[in-house]
Amino acid sequence: MLHVKAGEFMLAEGPLRVKLLEGEASICGARCREGYEFLLVAEKAVTVEALTDLRLEVHGGLEAKLEKSEKTVPEEWLSVVEELAKGRGTVMLVGHVDSGKTFMATYIANKLVDEGFKVAVVDSDVGQSSIGPPATIGMAVMEKPEPFLNELKMEAGYFVGSTTPTGHLLPMVVGVRKLVDRARQVADCIVIDTTGMVFGGPARALKLYKAEVVRPDIAVLLERRGELSHLAKQLEALGIEVRRIPASRWVKPRGRGERRALRERAFQVHFKRRKPREVELDLTSTPLIGTYLGSGVQPSGLREEVKALLGVEVLYCESLPEGIVAIIEEKVAPRQVEVLRRRFGETIKLLRKGFEKGLLVGLLDSEGLLLDVGVVKRLELEKSRATVTTPLEDLGYVRAVKLGSIRLNEEYEEVESLRPGFL
Ligand SMILES: Nc1ncnc2c1ncn2[C@@H]1O[C@H](COP(=O)(O)OP(=O)(O)O)[C@@H](O)[C@H]1O
Ligand SMILES: [Mg+2]
């Protein structure tokens, strides 16, 4: 049992379970009352501000911490909230990994909810997702104060299919815009969270074009040592208001391994808790998209010709305007691929039997939005059939199947990341 005096701040680091026995607290900007209970996993931290005297029940693991701290929300954050409240606007947060983006996004959203606004959060972090599973962009409406974004229900989603934006910049930008459009129909204020990818050409491009396509009223850049000045300059030149704010000093740093563990847990929670089932999809009525597979034609004799040229068993073959797709039994030498190139064209997609097992897929509706994700068991292209494990109950709205570029094993752990464009 722990007593905290009104006005004090406590920094909590997981693994920890805290129950508010008495009093009122603000957690990540969300007012929480008597009876509220939360669980923090090892990689997460949060501050509890005592709005009144508090009595807490605390159960912690070995590395847990719960200690008195200073206020971890700088004054500048409030002026961002005020500005948004005035204009019912959109804010986009940008910063390197562990700069406190998600914490700040949660805080801003809660403060706006507290002021009576309808707030939507668009989570475009496909690696450390809070809304929807990893590899997707998710939008949720915050109806009441909520200290943890992952408790929100995804209202709309967009399937990117990768847990990093590298090589997937187009779906990232398109997805954010589609979900922001949707959010603007239902909410007064929109908070956009982003991935920590800010260095290098693709990262710079992603942040610039994402901002350009959604035109936030404020872009918050969370910086350690001025590393986002390039973006600040460009966004200001485009007429977007920029607030450069120091990155959070209260982050519990997470290594690559910890981020991976968090991601895997997120996949497991998404799939296992929702009792996925195996379903068959007819690829004639719900075609594959975002892949060469299934996009060509199957002229008679093609399979035999490819088989003769390669000297290995060919299980399936289709002709594309720019080459061919073939599923083969065993590996072939690069010089044999050259032979096919000369005969059919530049694009030769040779896939080994079983390549599809474990691929993450998005089941999409008629607007191209995500109904739910699934994992491929079997693709039988010659029969236009896909067998997928998914928690989606009603398949009636599925219009397309989008192939992702990561592979999960039976435990929903990410075991492989395919080269962008490979399929
Ligand atoms: N100002 C802060 N006060 C308390 N905890 C914070 C603060 N900033 C970040 N954290 C905690 O540190 C961890 C990492 O921060 P997060 O916001 O997820 O970073 P990012 O989204 O930039 O990767 C989270 O558990 C978060 O709650
Ligand atoms: Mg984050």
# chains A, B, ... in the order shown; residues from 1 in each chain; ligands from 1
>>> select_by_dssp(residues="stretch 168-365 of chain A", states="strand (DSSP E)", output="PyMOL selection string")
chain A and resi 189-193+218-223+241-246+277-282+288-289+314-320+323-328+347-352+359-364
>>> closest_atom_pairs(of="chain A", to="ligand 2", cutoff="7 Å", atoms="only C-alpha atoms and all ligand atoms", output="JSON lines")
{"residue": "A:Gly100", "atom": "CA", "partner": "ligand 2", "partner_atom_place_in_ligand_line": "1 (Mg)", "distance": 6.8}
{"residue": "A:Lys101", "atom": "CA", "partner": "ligand 2", "partner_atom_place_in_ligand_line": "1 (Mg)", "distance": 5.3}
{"residue": "A:Thr102", "atom": "CA", "partner": "ligand 2", "partner_atom_place_in_ligand_line": "1 (Mg)", "distance": 4.2}
{"residue": "A:Asp125", "atom": "CA", "partner": "ligand 2", "partner_atom_place_in_ligand_line": "1 (Mg)", "distance": 6.5}
{"residue": "A:Gln128", "atom": "CA", "partner": "ligand 2", "partner_atom_place_in_ligand_line": "1 (Mg)", "distance": 5.8}
{"residue": "A:Asp193", "atom": "CA", "partner": "ligand 2", "partner_atom_place_in_ligand_line": "1 (Mg)", "distance": 6.9}
{"residue": "A:Thr194", "atom": "CA", "partner": "ligand 2", "partner_atom_place_in_ligand_line": "1 (Mg)", "distance": 6.9}
{"residue": "A:Thr195", "atom": "CA", "partner": "ligand 2", "partner_atom_place_in_ligand_line": "1 (Mg)", "distance": 6.5}
>>> residues_near_ligand(ligand="ligand 1", cutoff="6 Å", atoms="only C-alpha atoms and all ligand atoms", output="ChimeraX atom specification")
/A:44-47,72-73,97-103,248,250-252
>>> closest_residue(among="A:Pro147, A:Pro165, A:Gly138, A:Pro391", to="A:Ile27", atoms="only C-alpha atoms")
A:Pro147
>>> residues_around(residues="A:Lys210", least_positions_apart="4", cutoff="9 Å", atoms="only C-alpha atoms", output="VMD selection string")
chain A and resid 172 to 174 176 to 177 205 to 206 214 to 215
>>> write_last_selection(atoms="C-alpha atoms", output="PDB file, in the first residue's frame")
ATOM      1  CA  MET A 172       2.242   4.447 -45.298  1.00  0.00           C
ATOM      2  CA  VAL A 173       1.348   7.785 -46.842  1.00  0.00           C
ATOM      3  CA  VAL A 174      -1.867   6.581 -48.485  1.00  0.00           C
ATOM      4  CA  VAL A 176      -2.424   7.824 -43.059  1.00  0.00           C
ATOM      5  CA  ARG A 177      -4.341  10.067 -45.424  1.00  0.00           C
ATOM      6  CA  ALA A 205      10.717  11.625 -47.506  1.00  0.00           C
ATOM      7  CA  LEU A 206       8.142   9.771 -45.440  1.00  0.00           C
ATOM      8  CA  VAL A 214      -2.481  15.488 -44.214  1.00  0.00           C
ATOM      9  CA  ARG A 215      -1.508  19.140 -43.631  1.00  0.00           C
TER      10      ARG A 215
END
>>> residues_around(residues="A:Leu340", least_positions_apart="3", cutoff="12 Å", atoms="only C-alpha atoms", output="JSON, numbers by chain")
{"A": [302, 305, 306, 307, 308, 309, 310, 311, 319, 322, 323, 324, 325, 326, 332, 333, 334, 335, 336, 337, 343, 344, 345, 346, 347, 348, 349, 350]}
>>> residues_around(residues="stretch 196-204 of chain A", least_positions_apart="3", cutoff="9 Å", atoms="only C-alpha atoms", output="PyMOL selection string")
chain A and resi 94-99+101+125+127+164-167+169+207-209+227-228+230-231
>>> write_last_selection(atoms="N, CA and C atoms", output="compact mmCIF listing (two decimals), in the first residue's frame")
# COMPACT_ATOMS: atom_id res chain seq x y z
N VAL A 94 6.31 13.92 -34.51
CA VAL A 94 7.44 13.29 -35.18
C VAL A 94 8.63 13.28 -34.22
N GLY A 95 9.37 12.19 -34.21
CA GLY A 95 10.56 12.12 -33.37
C GLY A 95 11.22 10.76 -33.51
N HIS A 96 12.46 10.67 -33.09
CA HIS A 96 13.21 9.42 -33.16
C HIS A 96 12.56 8.40 -32.20
N VAL A 97 13.00 7.14 -32.27
CA VAL A 97 12.44 6.14 -31.34
C VAL A 97 12.69 6.61 -29.91
N ASP A 98 11.78 6.27 -29.03
CA ASP A 98 11.93 6.62 -27.62
C ASP A 98 12.08 8.12 -27.37
N SER A 99 11.36 8.92 -28.13
CA SER A 99 11.40 10.35 -27.83
C SER A 99 10.15 10.77 -27.06
N LYS A 101 6.86 10.13 -28.17
CA LYS A 101 5.77 10.50 -29.09
C LYS A 101 4.42 9.95 -28.62
N ASP A 125 2.35 4.19 -36.38
CA ASP A 125 3.57 3.46 -36.05
C ASP A 125 3.33 1.97 -36.30
N GLY A 127 5.47 -0.37 -36.32
CA GLY A 127 6.34 -1.25 -35.52
C GLY A 127 5.80 -1.36 -34.10
N THR A 164 8.14 -2.20 -40.59
CA THR A 164 8.96 -1.00 -40.80
C THR A 164 8.48 -0.33 -42.09
N PRO A 165 8.50 1.00 -42.12
CA PRO A 165 8.05 1.68 -43.33
C PRO A 165 9.04 1.55 -44.50
N THR A 166 10.29 1.15 -44.21
CA THR A 166 11.30 1.05 -45.26
C THR A 166 10.80 0.15 -46.40
N GLY A 167 10.77 0.71 -47.60
CA GLY A 167 10.29 -0.07 -48.75
C GLY A 167 8.77 -0.08 -48.85
N LEU A 169 6.78 2.98 -48.35
CA LEU A 169 6.41 4.38 -48.11
C LEU A 169 5.06 4.75 -48.70
N LYS A 207 8.35 11.49 -43.74
CA LYS A 207 7.83 12.51 -42.83
C LYS A 207 7.37 13.74 -43.59
N LEU A 208 8.13 14.12 -44.61
CA LEU A 208 7.76 15.30 -45.39
C LEU A 208 6.43 15.08 -46.13
N TYR A 209 6.33 13.96 -46.84
CA TYR A 209 5.13 13.77 -47.67
C TYR A 209 3.90 13.42 -46.84
N GLU A 227 18.00 17.54 -34.26
CA GLU A 227 18.16 16.65 -35.41
C GLU A 227 17.05 16.76 -36.45
N LEU A 228 15.97 17.48 -36.12
CA LEU A 228 14.88 17.56 -37.09
C LEU A 228 14.79 18.94 -37.74
N HIS A 230 15.98 19.95 -40.43
CA HIS A 230 15.69 19.86 -41.87
C HIS A 230 14.19 19.80 -42.12
N LEU A 231 13.50 19.04 -41.29
CA LEU A 231 12.06 18.89 -41.46
C LEU A 231 11.34 20.19 -41.06
>>> closest_residue(among="A:Val126, A:Ser69, A:Arg31, A:Glu57", to="A:Tyr107", atoms="only C-alpha atoms")
A:Arg31
>>> atom_distance(atom1="atom CA of A:Pro299", atom2="atom CA of A:Cys317")
8.9 Å
>>> residues_around(residues="stretch 396-405 of chain A", least_positions_apart="6", cutoff="10 Å", atoms="only C-alpha atoms", output="ChimeraX atom specification")
/A:135,159-163,168,281-291,293,356,359-376,386,416-423
>>> residues_around(residues="A:Asp188", least_positions_apart="5", cutoff="6 Å", atoms="only C-alpha atoms", output="list of chain:residue names")
A:Arg88, A:Lys118, A:Val119
>>> write_last_selection(atoms="N, CA and C atoms", output="short mmCIF file (atom, residue, chain, number, x, y, z; two decimals), in the first residue's frame")
data_model
loop_
_atom_site.label_atom_id
_atom_site.label_comp_id
_atom_site.auth_asym_id
_atom_site.auth_seq_id
_atom_site.Cartn_x
_atom_site.Cartn_y
_atom_site.Cartn_z
N ARG A 88 -9.82 23.27 -33.40
CA ARG A 88 -10.30 21.91 -33.63
C ARG A 88 -9.40 21.21 -34.64
N LYS A 118 -14.37 15.76 -29.24
CA LYS A 118 -14.33 14.39 -29.75
C LYS A 118 -12.97 14.23 -30.43
N VAL A 119 -12.19 13.28 -29.95
CA VAL A 119 -10.81 13.18 -30.40
C VAL A 119 -10.57 11.83 -31.09
#
>>> select_by_dssp(residues="stretch 316-375 of chain A", states="alpha helix (DSSP H)", output="short mmCIF file (atom, residue, chain, number, x, y, z; two decimals) with C-alpha atoms, in the first residue's frame")
data_model
loop_
_atom_site.label_atom_id
_atom_site.label_comp_id
_atom_site.auth_asym_id
_atom_site.auth_seq_id
_atom_site.Cartn_x
_atom_site.Cartn_y
_atom_site.Cartn_z
CA PRO A 334 21.08 -17.37 -61.45
CA ARG A 335 22.10 -18.26 -64.99
CA GLN A 336 18.80 -20.14 -65.43
CA VAL A 337 16.92 -17.04 -64.32
CA GLU A 338 18.82 -15.18 -67.06
CA VAL A 339 17.50 -17.68 -69.60
CA LEU A 340 13.94 -16.92 -68.48
CA ARG A 341 14.61 -13.19 -68.60
CA ARG A 342 15.72 -13.36 -72.21
CA ARG A 343 12.64 -15.38 -73.12
CA PHE A 344 9.88 -13.66 -71.06
#
>>> atom_distance(atom1="atom CA of A:Ala25", atom2="atom CA of A:Leu51")
5.0 Å
>>> closest_residue(among="A:Glu258, A:Glu264, A:Glu318, A:Glu37", to="A:Leu56", atoms="only C-alpha atoms")
A:Glu37
>>> atom_distance(atom1="atom CA of A:Gln234", atom2="atom CA of A:Arg249")
26.5 Å
